[in-house]
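Data from entry.cif: mmCIF, C-alpha atoms (C1' of nucleotides)
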data_coords
loop_
_atom_site.label_atom_id
_atom_site.label_comp_id
_atom_site.auth_asym_id
_atom_site.auth_seq_id
_atom_site.Cartn_x
_atom_site.Cartn_y
_atom_site.Cartn_z
CA MET F 640 0.91 -2.41 13.82
CA ILE F 641 1.22 -0.41 10.64
CA THR F 642 -1.25 2.46 10.17
CA SER F 643 -3.47 2.97 7.14
CA CYS F 644 -1.72 6.28 6.54
CA GLN F 645 1.61 4.47 6.14
CA ILE F 646 0.02 1.99 3.74
CA TYR F 647 -1.45 4.89 1.78
CA ARG F 648 1.99 6.47 1.37
CA LYS F 649 3.54 3.21 0.22
CA LEU F 650 0.85 2.70 -2.41
CA GLU F 651 1.06 6.32 -3.51
CA ALA F 652 4.78 5.92 -4.19
CA MET F 653 3.95 3.15 -6.69
CA GLU F 654 2.07 5.55 -8.99
CA LEU F 655 -0.77 3.07 -9.51
CA LEU F 656 -3.41 5.58 -10.67
CA GLN F 657 -1.52 7.28 -13.47
CA SER F 658 -4.05 6.31 -16.15
CA SER F 659 -7.14 6.74 -13.92
CA PRO F 660 -9.60 9.59 -13.34
CA PRO F 661 -8.80 11.77 -10.26
CA ARG F 662 -11.22 9.81 -8.08
CA TRP F 663 -10.46 6.51 -9.85
CA TRP F 664 -14.09 5.38 -10.30
CA PRO F 665 -15.27 6.26 -13.83
CA GLY F 666 -18.21 8.67 -13.82
CA ALA F 667 -17.68 9.67 -10.18
CA GLY F 668 -20.41 12.03 -9.01
CA THR F 669 -23.03 10.70 -11.42
CA PHE F 670 -25.94 8.25 -11.26
CA GLU F 671 -23.76 5.86 -13.25
CA VAL F 672 -21.97 5.03 -9.98
CA VAL F 673 -25.21 3.69 -8.49
CA VAL F 674 -25.66 1.34 -11.43
CA GLY F 675 -22.01 0.28 -11.53
CA ALA F 676 -21.86 -0.35 -7.79
CA VAL F 677 -24.72 -2.86 -7.99
CA LEU F 678 -23.56 -4.46 -11.21
CA THR F 679 -20.04 -5.11 -9.91
CA GLN F 680 -21.27 -7.26 -7.02
CA ASN F 681 -19.28 -10.48 -7.22
CA THR F 682 -18.44 -9.60 -10.82
CA THR F 683 -15.36 -8.33 -12.65
CA TRP F 684 -15.33 -4.68 -13.73
CA LYS F 685 -14.61 -5.80 -17.31
CA ASN F 686 -18.06 -7.39 -17.43
CA VAL F 687 -19.64 -4.32 -15.83
CA GLU F 688 -18.14 -2.16 -18.58
CA LYS F 689 -19.93 -4.23 -21.21
CA SER F 690 -23.23 -3.66 -19.43
CA LEU F 691 -22.61 0.07 -18.98
CA LEU F 692 -21.89 0.31 -22.70
CA ASN F 693 -25.21 -1.41 -23.41
CA LEU F 694 -26.88 1.14 -21.13
CA GLU F 695 -25.47 4.12 -23.02
CA GLY F 696 -28.05 6.88 -22.95
CA HIS F 697 -29.87 5.41 -19.92
CA LEU F 698 -27.29 6.30 -17.28
CA THR F 699 -29.13 9.21 -15.71
CA LEU F 700 -31.82 8.68 -13.08
CA GLU F 701 -34.54 9.98 -15.36
CA ASN F 702 -33.53 7.92 -18.41
CA PHE F 703 -32.90 4.82 -16.33
CA LEU F 704 -36.48 4.91 -15.11
CA SER F 705 -37.73 4.63 -18.68
CA LEU F 706 -36.30 1.11 -18.97
CA ASP F 707 -38.60 -1.84 -18.39
CA GLU F 708 -37.30 -4.83 -16.46
CA GLU F 709 -36.90 -7.16 -19.43
CA ARG F 710 -34.94 -4.63 -21.44
CA LEU F 711 -32.72 -3.90 -18.45
CA LYS F 712 -32.05 -7.61 -17.89
CA ASN F 713 -30.97 -7.87 -21.48
CA HIS F 714 -28.59 -4.89 -21.20
CA ILE F 715 -26.92 -6.08 -17.99
CA ARG F 716 -26.66 -9.74 -18.97
CA PRO F 717 -22.83 -9.60 -19.34
CA SER F 718 -22.34 -8.74 -15.66
CA GLY F 719 -24.27 -11.75 -14.38
CA PHE F 720 -27.01 -12.27 -11.78
CA TYR F 721 -29.25 -10.19 -14.03
CA ASN F 722 -32.49 -11.75 -12.73
CA GLN F 723 -31.62 -10.31 -9.29
CA LYS F 724 -29.83 -7.12 -10.25
CA ALA F 725 -32.44 -5.81 -12.71
CA PRO F 726 -35.43 -5.66 -10.33
CA ARG F 727 -33.21 -4.41 -7.49
CA LEU F 728 -31.82 -1.60 -9.63
CA ILE F 729 -35.28 -0.57 -10.80
CA SER F 730 -36.57 -0.58 -7.25
CA LEU F 731 -33.58 1.46 -6.07
CA ALA F 732 -33.98 4.04 -8.85
CA LYS F 733 -37.70 4.37 -8.15
CA GLN F 734 -37.06 4.88 -4.43
CA ILE F 735 -34.41 7.52 -5.15
CA ALA F 736 -36.88 9.38 -7.38
CA HIS F 737 -39.69 8.98 -4.85
CA ASP F 738 -37.73 10.02 -1.75
CA PHE F 739 -35.28 12.59 -3.21
CA HIS F 740 -36.84 13.58 -6.57
CA THR F 741 -33.49 14.24 -8.28
CA PHE F 742 -30.07 12.58 -8.17
CA GLU F 743 -28.59 15.89 -6.96
CA HIS F 744 -30.87 15.91 -3.92
CA PHE F 745 -30.06 12.24 -3.36
CA GLN F 746 -26.35 13.14 -3.32
CA THR F 747 -26.74 15.77 -0.61
CA ASP F 748 -29.48 14.15 1.49
CA VAL F 749 -29.14 10.36 1.41
CA SER F 750 -27.87 8.52 4.50
CA ARG F 751 -25.95 5.29 4.80
CA GLU F 752 -28.94 3.82 6.67
CA TRP F 753 -31.28 4.70 3.81
CA LEU F 754 -29.03 2.90 1.34
CA LEU F 755 -28.63 -0.17 3.58
CA SER F 756 -32.42 -0.47 3.82
CA GLN F 757 -32.66 -0.97 0.04
CA LYS F 758 -32.81 -4.52 -1.26
CA GLY F 759 -29.56 -5.42 -2.98
CA VAL F 760 -27.50 -2.77 -1.21
CA GLY F 761 -25.09 -4.10 1.42
CA PRO F 762 -22.24 -2.26 3.18
CA GLU F 763 -19.79 -2.27 0.26
CA THR F 764 -22.35 -1.12 -2.30
CA ALA F 765 -23.60 1.58 0.08
CA ASP F 766 -20.10 2.91 0.71
CA SER F 767 -19.24 2.82 -3.00
CA ILE F 768 -22.32 4.92 -3.78
CA LEU F 769 -21.59 7.32 -0.90
CA CYS F 770 -17.87 7.72 -1.61
CA TYR F 771 -17.84 7.79 -5.41
CA GLY F 772 -21.39 8.84 -6.21
CA CYS F 773 -22.02 11.39 -3.44
CA PHE F 774 -18.46 12.49 -2.53
CA ARG F 775 -18.98 11.54 1.12
CA ASN F 776 -16.13 10.71 3.47
CA GLU F 777 -16.82 6.96 3.53
CA MET F 778 -14.13 4.38 2.81
CA VAL F 779 -15.04 1.32 0.73
CA VAL F 780 -13.98 -2.14 1.88
CA ASP F 781 -13.96 -4.99 -0.62
CA SER F 782 -12.30 -8.37 -1.11
CA TYR F 783 -9.21 -6.66 -2.57
CA THR F 784 -8.88 -4.54 0.56
CA LYS F 785 -8.62 -7.59 2.78
CA ARG F 786 -6.00 -9.15 0.51
CA VAL F 787 -3.83 -6.03 0.46
CA LEU F 788 -4.09 -5.41 4.20
CA ARG F 789 -3.14 -9.03 4.82
CA GLN F 790 0.07 -8.34 2.88
CA TYR F 791 0.84 -5.70 5.49
CA GLY F 792 0.00 -8.02 8.37
CA VAL F 793 -3.42 -6.52 9.12
CA VAL F 794 -6.13 -9.15 9.61
CA LEU F 795 -9.44 -8.07 11.16
CA SER F 796 -12.81 -9.73 11.67
CA ASP F 797 -15.62 -7.87 9.93
CA TYR F 798 -16.45 -5.12 7.44
CA HIS F 799 -16.77 -2.37 10.04
CA GLU F 800 -13.38 -3.11 11.57
CA TYR F 801 -11.61 -2.82 8.23
CA LYS F 802 -13.50 0.37 7.45
CA ALA F 803 -12.60 1.92 10.80
CA PHE F 804 -8.94 0.91 10.47
CA LEU F 805 -8.68 2.55 7.04
CA GLU F 806 -10.62 5.71 7.89
CA ASN F 807 -9.10 6.41 11.32
CA GLY F 808 -5.50 6.26 10.12
CA ILE F 809 -6.23 8.83 7.42
CA THR F 810 -8.47 11.30 9.25
CA ALA F 811 -6.01 11.41 12.16
CA HIS F 812 -3.23 12.75 9.92
CA CYS F 813 -4.95 14.34 6.97
CA ARG F 814 -6.26 17.86 6.65
CA GLU F 815 -6.86 17.72 2.87
CA ASP F 816 -9.92 16.68 0.88
CA ILE F 817 -10.81 13.49 2.75
CA ASN F 818 -13.16 12.22 0.06
CA LEU F 819 -10.44 12.55 -2.57
CA ILE F 820 -7.98 10.68 -0.35
CA PHE F 821 -10.49 7.90 0.45
CA SER F 822 -11.42 7.61 -3.23
CA ARG F 823 -7.82 7.28 -4.37
CA PHE F 824 -6.85 5.04 -1.44
CA HIS F 825 -9.43 2.42 -2.34
CA GLY F 826 -8.54 2.77 -6.02
CA MET F 827 -4.87 2.18 -5.29
CA ILE F 828 -5.73 -0.86 -3.18
CA VAL F 829 -7.67 -2.40 -6.07
CA GLU F 830 -4.98 -1.61 -8.65
CA TYR F 831 -2.21 -2.89 -6.40
CA SER F 832 -4.08 -6.13 -5.71
CA LYS F 833 -4.66 -6.69 -9.42
CA LYS F 834 -1.08 -5.82 -10.34
CA MET F 835 0.31 -8.22 -7.75
CA LYS F 836 -2.32 -10.86 -8.54
CA LEU F 837 -3.07 -11.30 -4.85
CA LYS F 838 -5.25 -14.31 -4.18
CA ALA F 839 -8.09 -14.70 -1.72
"C1'" DG S 344 -13.30 -27.78 -18.24
"C1'" DG S 345 -12.86 -25.87 -13.66
"C1'" DC S 346 -12.32 -21.82 -10.98
"C1'" DC S 347 -13.02 -17.20 -9.79
"C1'" DA S 348 -14.77 -12.35 -9.99
"C1'" DG S 349 -14.66 -4.87 -6.81
"C1'" DG S 350 -21.65 -9.13 -2.68
"C1'" DT S 351 -26.20 -9.76 -1.00
"C1'" DG S 352 -30.35 -12.08 0.74
"C1'" DT S 353 -32.41 -16.01 2.61
"C1'" DA S 354 -32.89 -20.26 5.09
"C1'" DA S 355 -31.34 -23.85 7.89
"C1'" DA S 356 -28.59 -25.49 11.81
"C1'" DT D 1464 -25.61 -16.18 15.89
"C1'" DT D 1465 -23.17 -18.71 12.48
"C1'" DT D 1466 -22.96 -21.30 8.13
"C1'" DA D 1467 -24.51 -22.73 3.58
"C1'" DC D 1468 -26.36 -21.82 -0.65
"C1'" DA D 1469 -28.35 -19.43 -4.85
"C1'" DC D 1470 -27.59 -16.10 -8.09
"C1'" DA D 1471 -24.86 -16.15 -13.89
"C1'" DT D 1472 -21.77 -14.38 -17.33
"C1'" DG D 1473 -17.05 -14.16 -19.17
"C1'" DG D 1474 -11.92 -14.50 -18.83
"C1'" DC D 1475 -8.11 -17.33 -17.88
#
Now, as a test, write the supplied structure out as structure tokens.
Amino acid sequence: MITSCQIYRKLEAMELLQSSPPRWWPGAGTFEVVVGAVLTQNTTWKNVEKSLLNLEGHLTLENFLSLDEERLKNHIRPSGFYNQKAPRLISLAKQIAHDFHTFEHFQTDVSREWLLSQKGVGPETADSILCYGCFRNEMVVDSYTKRVLRQYGVVLSDYHEYKAFLENGITAHCREDINLIFSRFHGMIVEYSKKMKLKA
DNA sequence: GGCCAGGTGTAAA
DNA sequence: TTTACACATGGC
């Protein structure tokens, strides 16, 4: 079976991230990633961008906490499921402030288990926040990932298996900045899937 | 007009 | 433990 490292090299040769930030996710390393990761659940990034634009000026932990639920619902309406996402985002932000006090402390101290215990945060959202928001060595698995891997003949059963397949093939061969590689790897997977219009 | 999108939580079988 | 369903807007 092909390794994830070999897939990485193939994607890299396609120059898919030429017009992207170094870590692909816009605003990597900021609280904006937390908001974007929740908003993009079962939603196109185009619609998330509209919401993030509406939230201009509120995309730090402190400023986000000044929003009331109704105003937040209104801002994030374009990315759908706003009756669920608004209260979950407010709860998440409050818990971050309560348990870590600042976003910087959250970045260094949060665990995957802590994130998974929050309502509205499943494995993909947790890994997105850890990888792109906290620069941790955690690979994100999403629906695009499964489509691309299927192209290369890799079909696995659950989230953890895909994550392990991707991470193990890289860490076994790579001595560089793992977070940067993981960040770009997932970004290339998404861009490749979009470019090729791969279907579920 | 129908189908799908960078998931998650809950309830029933 | 597995499967089904709700959640909602916007682009094609």
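You will find atom CA of Glu701 of chain F at 20.7 Å from atom CA of Ala765 of chain F.
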Please write the residues picked by the PyMOL selection byres ((chain D) within 10 of (chain F)) on this file as an MDAnalysis selection string. chainID D and resid 1470:1474
Residues of chain F within 9 Å of chain S, counting only C-alpha atoms (C1' of nucleotides), as number ranges by chain: F: 676-677, 679-684, 758-761, 763-764, 781-783, 829
Expand the PyMOL selection byres ((chain F and resi 640) around 10) into the explicit residue set it covers here, and present it as a PDB file with C-alpha atoms, keeping the file's coordinate frame.
ATOM      1  CA  ILE F 641       1.220  -0.410  10.640  1.00  0.00           C
ATOM      2  CA  THR F 642      -1.250   2.460  10.170  1.00  0.00           C
ATOM      3  CA  SER F 643      -3.470   2.970   7.140  1.00  0.00           C
ATOM      4  CA  TYR F 791       0.840  -5.700   5.490  1.00  0.00           C
ATOM      5  CA  GLY F 792       0.000  -8.020   8.370  1.00  0.00           C
ATOM      6  CA  VAL F 793      -3.420  -6.520   9.120  1.00  0.00           C
TER       7      VAL F 793
END
Neighbours of point (-32.8, -3.8, -21.8) within 12 Å, using all atoms listed in the file, written as an mmCIF file with C-alpha atoms, in the frame of the given file:
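What follows is the written file selection22.cif:
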data_model
loop_
_atom_site.group_PDB
_atom_site.id
_atom_site.type_symbol
_atom_site.label_atom_id
_atom_site.label_comp_id
_atom_site.auth_asym_id
_atom_site.auth_seq_id
_atom_site.Cartn_x
_atom_site.Cartn_y
_atom_site.Cartn_z
ATOM 1 C CA SER F 690 -23.230 -3.660 -19.430
ATOM 2 C CA LEU F 691 -22.610 0.070 -18.980
ATOM 3 C CA LEU F 692 -21.890 0.310 -22.700
ATOM 4 C CA ASN F 693 -25.210 -1.410 -23.410
ATOM 5 C CA LEU F 694 -26.880 1.140 -21.130
ATOM 6 C CA GLU F 695 -25.470 4.120 -23.020
ATOM 7 C CA GLY F 696 -28.050 6.880 -22.950
ATOM 8 C CA HIS F 697 -29.870 5.410 -19.920
ATOM 9 C CA PHE F 703 -32.900 4.820 -16.330
ATOM 10 C CA LEU F 704 -36.480 4.910 -15.110
ATOM 11 C CA SER F 705 -37.730 4.630 -18.680
ATOM 12 C CA LEU F 706 -36.300 1.110 -18.970
ATOM 13 C CA ASP F 707 -38.600 -1.840 -18.390
ATOM 14 C CA GLU F 708 -37.300 -4.830 -16.460
ATOM 15 C CA GLU F 709 -36.900 -7.160 -19.430
ATOM 16 C CA ARG F 710 -34.940 -4.630 -21.440
ATOM 17 C CA LEU F 711 -32.720 -3.900 -18.450
ATOM 18 C CA LYS F 712 -32.050 -7.610 -17.890
ATOM 19 C CA ASN F 713 -30.970 -7.870 -21.480
ATOM 20 C CA HIS F 714 -28.590 -4.890 -21.200
ATOM 21 C CA ILE F 715 -26.920 -6.080 -17.990
ATOM 22 C CA ARG F 716 -26.660 -9.740 -18.970
ATOM 23 C CA PRO F 717 -22.830 -9.600 -19.340
ATOM 24 C CA TYR F 721 -29.250 -10.190 -14.030
ATOM 25 C CA ALA F 725 -32.440 -5.810 -12.710
ATOM 26 C CA PRO F 726 -35.430 -5.660 -10.330
ATOM 27 C CA ILE F 729 -35.280 -0.570 -10.800
#
Can you list, as an mmCIF file with C-alpha atoms, in the coordinates of the input, every protein, DNA or RNA residue that comes within 12 Å of Leu700 of chain F when you count all atoms listed in the file, leaving out same-chain residues fewer than 5 positions away?
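Resulting contents of out30.cif:
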data_model
loop_
_atom_site.group_PDB
_atom_site.id
_atom_site.type_symbol
_atom_site.label_atom_id
_atom_site.label_comp_id
_atom_site.auth_asym_id
_atom_site.auth_seq_id
_atom_site.Cartn_x
_atom_site.Cartn_y
_atom_site.Cartn_z
ATOM 1 C CA THR F 669 -23.030 10.700 -11.420
ATOM 2 C CA PHE F 670 -25.940 8.250 -11.260
ATOM 3 C CA GLU F 671 -23.760 5.860 -13.250
ATOM 4 C CA VAL F 672 -21.970 5.030 -9.980
ATOM 5 C CA VAL F 673 -25.210 3.690 -8.490
ATOM 6 C CA VAL F 674 -25.660 1.340 -11.430
ATOM 7 C CA SER F 705 -37.730 4.630 -18.680
ATOM 8 C CA LEU F 706 -36.300 1.110 -18.970
ATOM 9 C CA LEU F 728 -31.820 -1.600 -9.630
ATOM 10 C CA ILE F 729 -35.280 -0.570 -10.800
ATOM 11 C CA SER F 730 -36.570 -0.580 -7.250
ATOM 12 C CA LEU F 731 -33.580 1.460 -6.070
ATOM 13 C CA ALA F 732 -33.980 4.040 -8.850
ATOM 14 C CA LYS F 733 -37.700 4.370 -8.150
ATOM 15 C CA GLN F 734 -37.060 4.880 -4.430
ATOM 16 C CA ILE F 735 -34.410 7.520 -5.150
ATOM 17 C CA ALA F 736 -36.880 9.380 -7.380
ATOM 18 C CA HIS F 737 -39.690 8.980 -4.850
ATOM 19 C CA PHE F 739 -35.280 12.590 -3.210
ATOM 20 C CA HIS F 740 -36.840 13.580 -6.570
ATOM 21 C CA THR F 741 -33.490 14.240 -8.280
ATOM 22 C CA PHE F 742 -30.070 12.580 -8.170
ATOM 23 C CA GLU F 743 -28.590 15.890 -6.960
ATOM 24 C CA HIS F 744 -30.870 15.910 -3.920
ATOM 25 C CA PHE F 745 -30.060 12.240 -3.360
#
Emit as JSON the padded axis-aligned box for all listed atoms of chain D, 8 Å per side, with centre and edge lengths in Å to one decimal.
{"center_x": -18.2, "center_y": -18.4, "center_z": -1.6, "size_x": 36.2, "size_y": 24.6, "size_z": 51.1}
Within 7 Å of segment 795-804 of chain F, counting all atoms listed in the file, which residues qualify if same-chain residues fewer than 6 places away don't, as an NGL selection string? :F and (643 or 778-780)
Any chance you could export the current selection's C-alpha atoms as a compact mmCIF listing (two decimals), keeping the file's coordinate frame?
# COMPACT_ATOMS: atom_id res chain seq x y z
CA SER F 643 -3.47 2.97 7.14
CA MET F 778 -14.13 4.38 2.81
CA VAL F 779 -15.04 1.32 0.73
CA VAL F 780 -13.98 -2.14 1.88
Applying 9 Å and all atoms listed in the file, which residues near segment 658-668 of chain F remain after dropping the ones on its own chain fewer than 5 positions away? List them as an mmCIF file with C-alpha atoms, in the coordinates of the input.
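Below you can see part33.cif, which holds the result:
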data_model
loop_
_atom_site.group_PDB
_atom_site.id
_atom_site.type_symbol
_atom_site.label_atom_id
_atom_site.label_comp_id
_atom_site.auth_asym_id
_atom_site.auth_seq_id
_atom_site.Cartn_x
_atom_site.Cartn_y
_atom_site.Cartn_z
ATOM 1 C CA GLN F 746 -26.350 13.140 -3.320
ATOM 2 C CA CYS F 770 -17.870 7.720 -1.610
ATOM 3 C CA TYR F 771 -17.840 7.790 -5.410
ATOM 4 C CA GLY F 772 -21.390 8.840 -6.210
ATOM 5 C CA CYS F 773 -22.020 11.390 -3.440
ATOM 6 C CA PHE F 774 -18.460 12.490 -2.530
ATOM 7 C CA ASN F 818 -13.160 12.220 0.060
ATOM 8 C CA LEU F 819 -10.440 12.550 -2.570
ATOM 9 C CA ILE F 820 -7.980 10.680 -0.350
ATOM 10 C CA PHE F 821 -10.490 7.900 0.450
ATOM 11 C CA SER F 822 -11.420 7.610 -3.230
ATOM 12 C CA ARG F 823 -7.820 7.280 -4.370
ATOM 13 C CA HIS F 825 -9.430 2.420 -2.340
ATOM 14 C CA GLY F 826 -8.540 2.770 -6.020
ATOM 15 C CA MET F 827 -4.870 2.180 -5.290
#
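Note that atom CA of Arg775 of chain F and atom CA of Arg814 of chain F are 15.2 Å apart.
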Give me segment 721-742 of chain F with N, CA, C and O atoms filled in, as a tab-separated table (two decimals), in the frame of the given file.
chain	number	residue	atom	x	y	z
F	721	TYR	N	-28.37	-11.26	-13.51
F	721	TYR	CA	-29.25	-10.19	-14.03
F	721	TYR	C	-30.69	-10.35	-13.56
F	721	TYR	O	-31.40	-9.35	-13.44
F	722	ASN	N	-31.12	-11.57	-13.24
F	722	ASN	CA	-32.49	-11.75	-12.73
F	722	ASN	C	-32.68	-11.10	-11.35
F	722	ASN	O	-33.79	-10.73	-10.98
F	723	GLN	N	-31.57	-10.98	-10.59
F	723	GLN	CA	-31.62	-10.31	-9.29
F	723	GLN	C	-31.37	-8.82	-9.43
F	723	GLN	O	-32.05	-7.99	-8.84
F	724	LYS	N	-30.30	-8.51	-10.20
F	724	LYS	CA	-29.83	-7.12	-10.25
F	724	LYS	C	-30.83	-6.20	-10.94
F	724	LYS	O	-30.98	-5.04	-10.54
F	725	ALA	N	-31.51	-6.69	-11.97
F	725	ALA	CA	-32.44	-5.81	-12.71
F	725	ALA	C	-33.59	-5.29	-11.83
F	725	ALA	O	-33.78	-4.08	-11.72
F	726	PRO	N	-34.34	-6.18	-11.18
F	726	PRO	CA	-35.43	-5.66	-10.33
F	726	PRO	C	-34.92	-4.83	-9.16
F	726	PRO	O	-35.56	-3.85	-8.76
F	727	ARG	N	-33.76	-5.17	-8.62
F	727	ARG	CA	-33.21	-4.41	-7.49
F	727	ARG	C	-32.79	-3.01	-7.94
F	727	ARG	O	-33.00	-2.04	-7.21
F	728	LEU	N	-32.22	-2.91	-9.12
F	728	LEU	CA	-31.82	-1.60	-9.63
F	728	LEU	C	-33.04	-0.73	-9.92
F	728	LEU	O	-33.05	0.47	-9.63
F	729	ILE	N	-34.07	-1.34	-10.50
F	729	ILE	CA	-35.28	-0.57	-10.80
F	729	ILE	C	-35.94	-0.09	-9.52
F	729	ILE	O	-36.34	1.08	-9.40
F	730	SER	N	-36.01	-0.96	-8.54
F	730	SER	CA	-36.57	-0.58	-7.25
F	730	SER	C	-35.77	0.54	-6.60
F	730	SER	O	-36.33	1.52	-6.09
F	731	LEU	N	-34.46	0.44	-6.66
F	731	LEU	CA	-33.58	1.46	-6.07
F	731	LEU	C	-33.78	2.80	-6.77
F	731	LEU	O	-33.93	3.84	-6.10
F	732	ALA	N	-33.81	2.78	-8.09
F	732	ALA	CA	-33.98	4.04	-8.85
F	732	ALA	C	-35.34	4.67	-8.54
F	732	ALA	O	-35.44	5.89	-8.36
F	733	LYS	N	-36.36	3.84	-8.46
F	733	LYS	CA	-37.70	4.37	-8.15
F	733	LYS	C	-37.73	4.99	-6.76
F	733	LYS	O	-38.36	6.04	-6.55
F	734	GLN	N	-37.09	4.34	-5.80
F	734	GLN	CA	-37.06	4.88	-4.43
F	734	GLN	C	-36.28	6.19	-4.35
F	734	GLN	O	-36.65	7.09	-3.60
F	735	ILE	N	-35.18	6.27	-5.12
F	735	ILE	CA	-34.41	7.52	-5.15
F	735	ILE	C	-35.31	8.64	-5.69
F	735	ILE	O	-35.39	9.73	-5.10
F	736	ALA	N	-36.01	8.35	-6.78
F	736	ALA	CA	-36.88	9.38	-7.38
F	736	ALA	C	-38.02	9.74	-6.43
F	736	ALA	O	-38.38	10.91	-6.29
F	737	HIS	N	-38.56	8.74	-5.75
F	737	HIS	CA	-39.69	8.98	-4.85
F	737	HIS	C	-39.27	9.78	-3.62
F	737	HIS	O	-39.94	10.73	-3.21
F	738	ASP	N	-38.13	9.41	-3.01
F	738	ASP	CA	-37.73	10.02	-1.75
F	738	ASP	C	-36.91	11.30	-1.92
F	738	ASP	O	-36.91	12.16	-1.03
F	739	PHE	N	-36.18	11.43	-3.06
F	739	PHE	CA	-35.28	12.59	-3.21
F	739	PHE	C	-35.57	13.41	-4.47
F	739	PHE	O	-34.98	14.46	-4.66
F	740	HIS	N	-36.41	12.89	-5.34
F	740	HIS	CA	-36.84	13.58	-6.57
F	740	HIS	C	-35.77	13.71	-7.64
F	740	HIS	O	-36.02	13.41	-8.80
F	741	THR	N	-34.57	14.16	-7.28
F	741	THR	CA	-33.49	14.24	-8.28
F	741	THR	C	-32.24	13.57	-7.73
F	741	THR	O	-32.09	13.40	-6.50
F	742	PHE	N	-31.33	13.20	-8.63
F	742	PHE	CA	-30.07	12.58	-8.17
F	742	PHE	C	-29.25	13.58	-7.35
F	742	PHE	O	-28.57	13.19	-6.41
